[in-house]
$ cat structure07.cif   # mmCIF, C-alpha atoms
data_model
#
loop_
_atom_site.group_PDB
_atom_site.id
_atom_site.type_symbol
_atom_site.label_atom_id
_atom_site.label_comp_id
_atom_site.auth_asym_id
_atom_site.auth_seq_id
_atom_site.Cartn_x
_atom_site.Cartn_y
_atom_site.Cartn_z
ATOM 1 C CA MET U 171 -62.749 68.539 -16.855
ATOM 2 C CA GLN U 172 -65.781 70.832 -17.233
ATOM 3 C CA ALA U 173 -67.351 69.533 -14.071
ATOM 4 C CA ASN U 174 -70.059 71.337 -12.134
ATOM 5 C CA HIS U 175 -68.817 74.535 -10.534
ATOM 6 C CA THR U 176 -70.407 76.455 -7.758
ATOM 7 C CA CYS U 177 -68.521 79.594 -8.735
ATOM 8 C CA ALA U 178 -70.307 82.446 -10.449
ATOM 9 C CA VAL U 179 -68.628 82.209 -13.850
ATOM 10 C CA ARG U 180 -67.937 79.160 -15.967
ATOM 11 C CA PRO U 181 -64.423 78.875 -17.319
ATOM 12 C CA SER U 182 -64.218 78.081 -20.996
ATOM 13 C CA ARG U 183 -61.407 76.562 -22.952
ATOM 14 C CA HIS U 184 -60.255 78.134 -26.200
ATOM 15 C CA SER U 185 -63.740 78.723 -27.494
ATOM 16 C CA THR U 186 -62.890 78.609 -31.183
ATOM 17 C CA SER U 187 -61.847 74.928 -31.030
ATOM 18 C CA THR U 188 -64.226 72.055 -31.286
ATOM 19 C CA HIS U 189 -64.440 69.398 -28.668
ATOM 20 C CA SER U 190 -63.700 66.016 -30.177
ATOM 21 C CA THR U 191 -65.126 62.951 -28.581
ATOM 22 C CA SER U 192 -62.371 60.760 -27.271
ATOM 23 C CA ALA U 193 -62.564 57.074 -27.980
ATOM 24 C CA THR U 194 -63.647 56.519 -24.407
ATOM 25 C CA GLY U 195 -66.863 58.349 -25.257
ATOM 26 C CA TYR U 196 -66.662 61.655 -23.463
ATOM 27 C CA ASN U 197 -65.439 65.117 -24.430
ATOM 28 C CA MET U 198 -62.132 65.675 -22.803
ATOM 29 C CA LEU U 199 -59.593 67.430 -25.003
ATOM 30 C CA THR U 200 -60.159 70.154 -27.555
ATOM 31 C CA ASP U 201 -58.502 69.893 -30.964
ATOM 32 C CA HIS U 202 -56.144 72.672 -29.912
ATOM 33 C CA GLU U 203 -55.140 70.752 -26.800
ATOM 34 C CA LYS U 204 -54.551 67.570 -28.805
ATOM 35 C CA GLU U 205 -52.262 69.465 -31.202
ATOM 36 C CA LEU U 206 -50.374 70.993 -28.306
ATOM 37 C CA ILE U 207 -49.881 67.604 -26.686
ATOM 38 C CA ALA U 208 -48.741 65.926 -29.915
ATOM 39 C CA LYS U 209 -46.285 68.779 -30.575
ATOM 40 C CA ILE U 210 -44.712 68.493 -27.138
ATOM 41 C CA TRP U 211 -44.286 64.712 -27.306
ATOM 42 C CA ASP U 212 -42.945 64.890 -30.843
ATOM 43 C CA LYS U 213 -40.042 66.934 -29.490
ATOM 44 C CA MET U 214 -39.386 64.325 -26.820
ATOM 45 C CA ILE U 215 -39.024 61.386 -29.221
ATOM 46 C CA PRO U 216 -35.356 62.025 -30.138
ATOM 47 C CA VAL U 217 -34.455 62.343 -26.439
ATOM 48 C CA ALA U 218 -36.784 59.607 -25.218
ATOM 49 C CA SER U 219 -34.117 57.754 -23.192
ATOM 50 C CA ASP U 220 -33.002 60.907 -21.368
ATOM 51 C CA ILE U 221 -36.518 62.132 -20.672
ATOM 52 C CA GLY U 222 -37.816 58.688 -19.747
ATOM 53 C CA ALA U 223 -34.936 57.970 -17.394
ATOM 54 C CA GLU U 224 -35.418 61.346 -15.737
ATOM 55 C CA CYS U 225 -39.146 60.761 -15.184
ATOM 56 C CA LEU U 226 -38.486 57.382 -13.614
ATOM 57 C CA LEU U 227 -35.635 58.678 -11.466
ATOM 58 C CA ARG U 228 -37.778 61.555 -10.198
ATOM 59 C CA MET U 229 -40.589 59.158 -9.383
ATOM 60 C CA MET U 230 -38.437 56.635 -7.550
ATOM 61 C CA THR U 231 -36.558 59.339 -5.640
ATOM 62 C CA THR U 232 -39.656 61.302 -4.576
ATOM 63 C CA PHE U 233 -41.907 58.276 -4.008
ATOM 64 C CA PRO U 234 -39.648 55.460 -2.796
ATOM 65 C CA GLY U 235 -42.537 52.953 -2.672
ATOM 66 C CA THR U 236 -42.481 52.888 -6.466
ATOM 67 C CA LYS U 237 -39.030 51.287 -6.383
ATOM 68 C CA THR U 238 -40.663 48.033 -5.309
ATOM 69 C CA TYR U 239 -41.667 47.416 -8.923
ATOM 70 C CA PHE U 240 -38.098 47.560 -10.161
ATOM 71 C CA ALA U 241 -36.340 44.909 -8.098
ATOM 72 C CA HIS U 242 -35.321 43.224 -11.343
ATOM 73 C CA LEU U 243 -33.600 46.278 -12.818
ATOM 74 C CA ASP U 244 -30.581 48.410 -12.074
ATOM 75 C CA ILE U 245 -32.236 51.717 -11.256
ATOM 76 C CA ARG U 246 -29.243 53.826 -10.392
ATOM 77 C CA PRO U 247 -29.126 57.183 -12.181
ATOM 78 C CA ARG U 248 -27.813 56.858 -15.752
ATOM 79 C CA SER U 249 -28.130 53.060 -15.697
ATOM 80 C CA PRO U 250 -28.832 51.568 -19.137
ATOM 81 C CA HIS U 251 -31.874 49.762 -17.672
ATOM 82 C CA LEU U 252 -33.384 53.023 -16.538
ATOM 83 C CA ARG U 253 -32.748 54.626 -19.929
ATOM 84 C CA SER U 254 -34.155 51.751 -21.946
ATOM 85 C CA HIS U 255 -37.195 51.386 -19.712
ATOM 86 C CA GLY U 256 -37.767 55.112 -19.671
ATOM 87 C CA LYS U 257 -37.491 55.188 -23.455
ATOM 88 C CA LYS U 258 -40.225 52.553 -23.810
ATOM 89 C CA ILE U 259 -42.590 54.574 -21.658
ATOM 90 C CA VAL U 260 -41.919 57.891 -23.420
ATOM 91 C CA LEU U 261 -42.305 56.335 -26.869
ATOM 92 C CA ALA U 262 -45.620 54.727 -25.899
ATOM 93 C CA ILE U 263 -46.950 58.047 -24.601
ATOM 94 C CA ALA U 264 -45.632 59.894 -27.670
ATOM 95 C CA GLU U 265 -47.048 57.359 -30.115
ATOM 96 C CA CYS U 266 -50.462 57.527 -28.498
ATOM 97 C CA SER U 267 -50.411 61.345 -28.595
ATOM 98 C CA LYS U 268 -50.358 61.281 -32.402
ATOM 99 C CA ASP U 269 -53.916 59.958 -32.449
ATOM 100 C CA ILE U 270 -55.507 60.503 -29.081
ATOM 101 C CA SER U 271 -58.979 59.560 -30.286
ATOM 102 C CA SER U 272 -57.759 56.010 -30.931
ATOM 103 C CA MET U 273 -56.283 55.623 -27.465
ATOM 104 C CA MET U 274 -58.340 52.554 -26.552
ATOM 105 C CA VAL U 275 -57.162 50.672 -29.640
ATOM 106 C CA THR U 276 -53.516 51.777 -29.469
ATOM 107 C CA LEU U 277 -53.210 50.899 -25.807
ATOM 108 C CA ALA U 278 -55.006 47.521 -25.886
ATOM 109 C CA PRO U 279 -51.784 45.459 -25.728
ATOM 110 C CA LEU U 280 -50.385 47.638 -22.927
ATOM 111 C CA GLN U 281 -53.674 47.322 -21.044
ATOM 112 C CA THR U 282 -53.314 43.557 -21.090
ATOM 113 C CA LEU U 283 -49.654 43.738 -20.066
ATOM 114 C CA HIS U 284 -50.396 45.976 -17.065
ATOM 115 C CA ALA U 285 -53.475 44.058 -15.943
ATOM 116 C CA TYR U 286 -52.221 40.507 -16.143
ATOM 117 C CA LYS U 287 -48.455 40.649 -16.021
ATOM 118 C CA LEU U 288 -47.195 43.866 -14.407
ATOM 119 C CA ARG U 289 -50.137 44.473 -12.065
ATOM 120 C CA ILE U 290 -48.818 47.850 -10.982
ATOM 121 C CA ASP U 291 -51.190 49.389 -8.449
ATOM 122 C CA PRO U 292 -52.876 52.179 -10.456
ATOM 123 C CA CYS U 293 -52.239 54.744 -7.724
ATOM 124 C CA ASN U 294 -48.658 54.726 -8.988
ATOM 125 C CA PHE U 295 -49.685 55.946 -12.432
ATOM 126 C CA LYS U 296 -50.609 59.271 -10.828
ATOM 127 C CA LEU U 297 -47.158 59.496 -9.279
ATOM 128 C CA LEU U 298 -45.405 58.858 -12.581
ATOM 129 C CA CYS U 299 -47.707 61.312 -14.377
ATOM 130 C CA HIS U 300 -46.803 63.997 -11.849
ATOM 131 C CA CYS U 301 -43.103 63.345 -12.370
ATOM 132 C CA ILE U 302 -43.590 63.500 -16.132
ATOM 133 C CA LEU U 303 -45.160 66.940 -15.694
ATOM 134 C CA VAL U 304 -42.240 68.036 -13.491
ATOM 135 C CA THR U 305 -39.747 66.774 -16.088
ATOM 136 C CA LEU U 306 -41.544 68.623 -18.876
ATOM 137 C CA ALA U 307 -41.602 71.805 -16.759
ATOM 138 C CA ALA U 308 -37.883 71.537 -15.967
ATOM 139 C CA HIS U 309 -37.067 71.161 -19.669
ATOM 140 C CA MET U 310 -39.588 73.569 -21.157
ATOM 141 C CA GLY U 311 -39.566 76.369 -18.559
ATOM 142 C CA ASP U 312 -42.101 79.096 -19.276
ATOM 143 C CA GLU U 313 -43.243 77.292 -22.411
ATOM 144 C CA PHE U 314 -44.924 74.774 -20.100
ATOM 145 C CA ASP U 315 -47.569 77.350 -19.312
ATOM 146 C CA PRO U 316 -50.821 76.630 -17.425
ATOM 147 C CA VAL U 317 -52.727 75.816 -20.634
ATOM 148 C CA ALA U 318 -50.113 73.284 -21.764
ATOM 149 C CA HIS U 319 -49.945 71.891 -18.213
ATOM 150 C CA ALA U 320 -53.725 71.460 -18.032
ATOM 151 C CA ALA U 321 -53.875 69.735 -21.430
ATOM 152 C CA MET U 322 -50.977 67.444 -20.592
ATOM 153 C CA ASP U 323 -52.409 66.548 -17.178
ATOM 154 C CA LYS U 324 -55.722 65.599 -18.804
ATOM 155 C CA TYR U 325 -53.993 63.511 -21.460
ATOM 156 C CA LEU U 326 -51.801 61.635 -18.983
ATOM 157 C CA SER U 327 -54.757 61.044 -16.639
ATOM 158 C CA ALA U 328 -56.758 59.573 -19.510
ATOM 159 C CA PHE U 329 -53.769 57.458 -20.579
ATOM 160 C CA ALA U 330 -53.413 56.098 -17.045
ATOM 161 C CA ALA U 331 -57.145 55.433 -16.753
ATOM 162 C CA VAL U 332 -57.144 53.482 -20.028
ATOM 163 C CA LEU U 333 -54.097 51.474 -18.904
ATOM 164 C CA ALA U 334 -55.934 50.393 -15.776
ATOM 165 C CA GLU U 335 -59.191 49.462 -17.528
ATOM 166 C CA LYS U 336 -58.587 45.715 -17.771
ATOM 167 C CA TYR U 337 -57.530 45.368 -14.135
ATOM 168 C CA ARG U 338 -60.929 44.114 -13.015
ATOM 169 C CA MET C 37 -41.725 65.523 14.832
ATOM 170 C CA VAL C 38 -40.369 65.622 11.289
ATOM 171 C CA GLU C 39 -36.681 64.785 10.846
ATOM 172 C CA TRP C 40 -34.844 66.852 8.277
ATOM 173 C CA THR C 41 -31.448 65.957 6.873
ATOM 174 C CA ASP C 42 -28.870 68.691 6.372
ATOM 175 C CA PHE C 43 -29.396 68.387 2.628
ATOM 176 C CA GLU C 44 -33.146 68.858 3.009
ATOM 177 C CA ARG C 45 -32.802 71.909 5.240
ATOM 178 C CA ALA C 46 -30.206 73.497 2.998
ATOM 179 C CA THR C 47 -32.263 72.766 -0.121
ATOM 180 C CA ILE C 48 -35.444 74.305 1.266
ATOM 181 C CA GLN C 49 -33.666 77.394 2.576
ATOM 182 C CA SER C 50 -31.822 77.820 -0.707
ATOM 183 C CA ILE C 51 -34.900 77.499 -2.906
ATOM 184 C CA PHE C 52 -36.993 79.925 -0.881
ATOM 185 C CA SER C 53 -34.228 82.452 -0.297
ATOM 186 C CA LYS C 54 -33.743 82.760 -4.056
ATOM 187 C CA MET C 55 -37.463 82.778 -4.824
ATOM 188 C CA ASP C 56 -39.395 85.874 -5.844
ATOM 189 C CA TYR C 57 -42.569 85.286 -3.819
ATOM 190 C CA ASP C 58 -44.417 87.975 -5.733
ATOM 191 C CA ASP C 59 -43.757 86.117 -8.979
ATOM 192 C CA VAL C 60 -44.087 82.507 -7.871
ATOM 193 C CA GLY C 61 -47.148 82.979 -5.649
ATOM 194 C CA PRO C 62 -49.392 84.372 -8.381
ATOM 195 C CA ALA C 63 -47.969 81.878 -10.905
ATOM 196 C CA ALA C 64 -48.736 78.896 -8.673
ATOM 197 C CA LEU C 65 -52.238 79.974 -7.677
ATOM 198 C CA SER C 66 -53.295 80.961 -11.195
ATOM 199 C CA ARG C 67 -51.914 77.684 -12.537
ATOM 200 C CA CYS C 68 -53.955 75.773 -9.959
ATOM 201 C CA LEU C 69 -57.134 77.604 -10.987
ATOM 202 C CA VAL C 70 -56.454 76.811 -14.664
ATOM 203 C CA VAL C 71 -55.316 73.199 -14.340
ATOM 204 C CA TYR C 72 -57.895 72.239 -11.688
ATOM 205 C CA PRO C 73 -60.840 74.505 -12.505
ATOM 206 C CA TRP C 74 -63.005 73.171 -9.677
ATOM 207 C CA THR C 75 -60.704 74.988 -7.252
ATOM 208 C CA GLN C 76 -62.333 78.175 -8.509
ATOM 209 C CA ARG C 77 -65.271 77.326 -6.267
ATOM 210 C CA TYR C 78 -63.526 79.157 -3.439
ATOM 211 C CA PHE C 79 -63.012 82.345 -5.383
ATOM 212 C CA GLY C 80 -66.529 83.293 -6.429
ATOM 213 C CA ASN C 81 -65.952 86.950 -5.569
ATOM 214 C CA PHE C 82 -62.681 87.265 -7.494
ATOM 215 C CA GLY C 83 -64.383 88.488 -10.660
ATOM 216 C CA ASN C 84 -63.318 87.285 -14.089
ATOM 217 C CA LEU C 85 -61.981 83.719 -14.011
ATOM 218 C CA TYR C 86 -63.515 82.930 -17.374
ATOM 219 C CA ASN C 87 -60.440 81.502 -19.096
ATOM 220 C CA ALA C 88 -56.715 81.003 -18.594
ATOM 221 C CA ALA C 89 -55.794 84.501 -19.784
ATOM 222 C CA ALA C 90 -58.355 86.098 -17.472
ATOM 223 C CA ILE C 91 -57.161 84.049 -14.510
ATOM 224 C CA GLN C 92 -53.514 84.837 -15.127
ATOM 225 C CA GLY C 93 -54.288 88.543 -15.480
ATOM 226 C CA ASN C 94 -56.651 88.753 -12.516
ATOM 227 C CA PRO C 95 -55.261 91.121 -9.841
ATOM 228 C CA MET C 96 -57.179 89.474 -6.991
ATOM 229 C CA VAL C 97 -55.698 86.098 -7.916
ATOM 230 C CA ALA C 98 -52.233 87.653 -8.000
ATOM 231 C CA ALA C 99 -52.713 89.321 -4.622
ATOM 232 C CA HIS C 100 -53.955 86.111 -3.072
ATOM 233 C CA GLY C 101 -51.082 84.155 -4.587
ATOM 234 C CA LYS C 102 -48.663 86.481 -2.793
ATOM 235 C CA THR C 103 -50.578 85.996 0.470
ATOM 236 C CA VAL C 104 -50.319 82.215 0.139
ATOM 237 C CA LEU C 105 -46.563 82.267 -0.526
ATOM 238 C CA ARG C 106 -45.958 84.590 2.407
ATOM 239 C CA GLY C 107 -47.921 82.114 4.519
ATOM 240 C CA LEU C 108 -45.666 79.332 3.224
ATOM 241 C CA ASP C 109 -42.645 81.348 4.308
ATOM 242 C CA ARG C 110 -43.698 80.788 7.918
ATOM 243 C CA ALA C 111 -43.075 77.074 7.477
ATOM 244 C CA VAL C 112 -39.724 77.778 5.804
ATOM 245 C CA LYS C 113 -38.706 79.769 8.890
ATOM 246 C CA ASN C 114 -40.055 77.147 11.332
ATOM 247 C CA MET C 115 -39.233 73.822 9.761
ATOM 248 C CA ASP C 116 -38.987 72.105 13.113
ATOM 249 C CA ASP C 117 -42.556 72.820 14.113
ATOM 250 C CA ILE C 118 -44.668 73.315 11.029
ATOM 251 C CA LYS C 119 -47.636 71.653 12.697
ATOM 252 C CA ALA C 120 -47.823 74.262 15.467
ATOM 253 C CA THR C 121 -47.034 77.086 13.040
ATOM 254 C CA TYR C 122 -50.113 76.210 10.975
ATOM 255 C CA ALA C 123 -52.549 75.195 13.707
ATOM 256 C CA GLU C 124 -54.514 78.439 13.478
ATOM 257 C CA LEU C 125 -54.440 78.529 9.680
ATOM 258 C CA SER C 126 -55.688 74.954 9.650
ATOM 259 C CA VAL C 127 -58.671 75.886 11.804
ATOM 260 C CA LEU C 128 -59.322 78.891 9.571
ATOM 261 C CA HIS C 129 -59.319 76.795 6.380
ATOM 262 C CA SER C 130 -61.494 74.129 7.947
ATOM 263 C CA GLU C 131 -64.095 76.078 9.873
ATOM 264 C CA LYS C 132 -64.291 79.445 8.184
ATOM 265 C CA LEU C 133 -63.097 78.955 4.604
ATOM 266 C CA ARG C 134 -64.330 75.348 4.341
ATOM 267 C CA VAL C 135 -61.633 74.342 1.892
ATOM 268 C CA ASP C 136 -61.447 70.665 0.976
ATOM 269 C CA PRO C 137 -57.958 69.734 2.234
ATOM 270 C CA ASP C 138 -57.201 67.865 -0.985
ATOM 271 C CA ASN C 139 -56.874 71.302 -2.549
ATOM 272 C CA PHE C 140 -53.709 71.926 -0.538
ATOM 273 C CA ARG C 141 -52.143 68.999 -2.369
ATOM 274 C CA LEU C 142 -53.271 70.343 -5.747
ATOM 275 C CA LEU C 143 -51.753 73.754 -5.039
ATOM 276 C CA ALA C 144 -48.570 72.110 -3.751
ATOM 277 C CA ASP C 145 -48.278 70.147 -7.023
ATOM 278 C CA CYS C 146 -48.715 73.339 -9.059
ATOM 279 C CA LEU C 147 -46.104 75.108 -6.938
ATOM 280 C CA THR C 148 -43.706 72.214 -7.543
ATOM 281 C CA ILE C 149 -44.180 72.544 -11.288
ATOM 282 C CA VAL C 150 -43.694 76.325 -11.219
ATOM 283 C CA VAL C 151 -40.457 75.910 -9.248
ATOM 284 C CA ALA C 152 -39.304 73.154 -11.640
ATOM 285 C CA ALA C 153 -39.941 75.460 -14.601
ATOM 286 C CA ARG C 154 -37.983 78.278 -12.936
ATOM 287 C CA MET C 155 -35.051 76.100 -11.797
ATOM 288 C CA GLY C 156 -34.738 73.818 -14.835
ATOM 289 C CA ALA C 157 -31.928 71.292 -14.539
ATOM 290 C CA ASP C 158 -31.107 72.539 -11.002
ATOM 291 C CA PHE C 159 -34.394 70.983 -9.887
ATOM 292 C CA THR C 160 -32.798 67.555 -9.690
ATOM 293 C CA ALA C 161 -34.577 64.414 -8.480
ATOM 294 C CA ASP C 162 -33.035 64.827 -5.004
ATOM 295 C CA VAL C 163 -34.032 68.491 -4.822
ATOM 296 C CA GLN C 164 -37.542 67.527 -5.950
ATOM 297 C CA ARG C 165 -37.737 64.912 -3.225
ATOM 298 C CA ALA C 166 -36.745 67.415 -0.526
ATOM 299 C CA PHE C 167 -39.135 70.053 -1.862
ATOM 300 C CA GLN C 168 -42.046 67.629 -2.045
ATOM 301 C CA LYS C 169 -41.317 66.311 1.453
ATOM 302 C CA PHE C 170 -41.460 69.878 2.761
ATOM 303 C CA LEU C 171 -44.747 70.562 0.966
ATOM 304 C CA ALA C 172 -46.182 67.249 2.183
ATOM 305 C CA VAL C 173 -45.540 68.344 5.767
ATOM 306 C CA VAL C 174 -47.153 71.718 5.044
ATOM 307 C CA VAL C 175 -50.182 70.053 3.447
ATOM 308 C CA SER C 176 -50.539 67.614 6.313
ATOM 309 C CA SER C 177 -50.294 70.410 8.908
ATOM 310 C CA LEU C 178 -52.908 72.494 7.145
ATOM 311 C CA GLY C 179 -55.238 69.520 7.196
ATOM 312 C CA ARG C 180 -54.505 68.608 10.790
ATOM 313 C CA GLN C 181 -57.253 70.611 12.503
ATOM 314 C CA TYR C 182 -60.094 69.363 10.321
ATOM 315 C CA HIS C 183 -62.610 67.378 12.330
#

$ encode --input "structure07.cif" --output "structure tokens"
Amino acid sequence: MQANHTCAVRPSRHSTSTHSTSATGYNMLTDHEKELIAKIWDKMIPVASDIGAECLLRMMTTFPGTKTYFAHLDIRPRSPHLRSHGKKIVLAIAECSKDISSMMVTLAPLQTLHAYKLRIDPCNFKLLCHCILVTLAAHMGDEFDPVAHAAMDKYLSAFAAVLAEKYR
Amino acid sequence: MVEWTDFERATIQSIFSKMDYDDVGPAALSRCLVVYPWTQRYFGNFGNLYNAAAIQGNPMVAAHGKTVLRGLDRAVKNMDDIKATYAELSVLHSEKLRVDPDNFRLLADCLTIVVAARMGADFTADVQRAFQKFLAVVVSSLGRQYH
């Protein structure tokens, strides 16, 4: 995210942390950010169904076009389908957050699934990511401060980008 | 002309009537500058934007955040003609300030997250939908006079 700025001063991230190279080959998240992300998702694991269902419900309510991918499921609020599907998504994101540098390896099966079977238009990943951020904010309040938000947004963007890599 | 349901109108009025603009404005703008650092390109004369703490403590950022929220209030008070309400501001952002209109969407997303954090469970999926619809109209209106 340290792209070229035309402003007078360069922002820096927490300067005491090192930048680890992600498995995709570029510096993206500091060690501090990776810890922060892993900590947040670790807390979500026990409530994965609730959190996952909420993310999906927010996405399908705010962006109705996303419902087109769920014709085969009962997507009413509190439906068991929504909870079990939401749980899968949250657990995959949480699992991956434990070792972000190995993202490409961890996500290889999901890449194949999304590219050849699900074929979800990748623009929708952004919509779900946004709703995940909203869900985290609603649950964490002030604790979801701008630094946590920035780290999480970067992580989810990278996750989505990796998921779409086998599309073409 | 945008059609608003009773629920949508009531939701928007309720959220903004309870909102402390002087708290939420600075929070949303500073969050945008931290999460999307390239947006800092428009604030070269705001002084120290060197890191998240500096941004969040910067008085010029805070003052501008309040200005932005007060501008948003105009749409809250004129929901039936947001496009006309923002015609001049749209020209200003396009011709004088030269702001890439995608930035309006980024700020709107940050505002959504700030409001979600403040409202917690009350920021339900339906409330989110209404809020985001409102902001989408605002964003579209602000981008309308770009040519």

$ atom_distance --input "structure07.cif" --atom1 "CA of Asn94 in chain C" --atom2 "CA of Phe52 in chain C"
24.5 Å

$ closest_residue --input "structure07.cif" --among "U:Ser219, U:Met274, U:Phe233, U:His202" --to "Pro250 in chain U" --atoms "all atoms listed in the file"
U:Ser219

$ interface_residues --input "structure07.cif" --of "chain C" --to "chain U" --cutoff "10 Å" --atoms "all atoms listed in the file" --output "number ranges by chain"
C: 63-64, 66-92, 145-146, 148-169

$ atom_distance --input "structure07.cif" --atom1 "CA of Ala172 in chain C" --atom2 "CA of Val97 in chain C"
23.4 Å

$ closest_residue --input "structure07.cif" --among "C:Val174, C:Val127, C:Leu133, C:Leu147" --to "Tyr57 in chain C" --atoms "only C-alpha atoms"
C:Leu147

$ atom_distance --input "structure07.cif" --atom1 "CA of Ala111 in chain C" --atom2 "CA of Cys293 in chain U"
28.5 Å

$ residues_around --input "structure07.cif" --residues "Thr41 in chain C" --least-positions-apart "3" --cutoff "12 Å" --atoms "all atoms listed in the file" --output "MDAnalysis selection string"
chainID C and resid 38 44:48 115:116 165:166 169:170
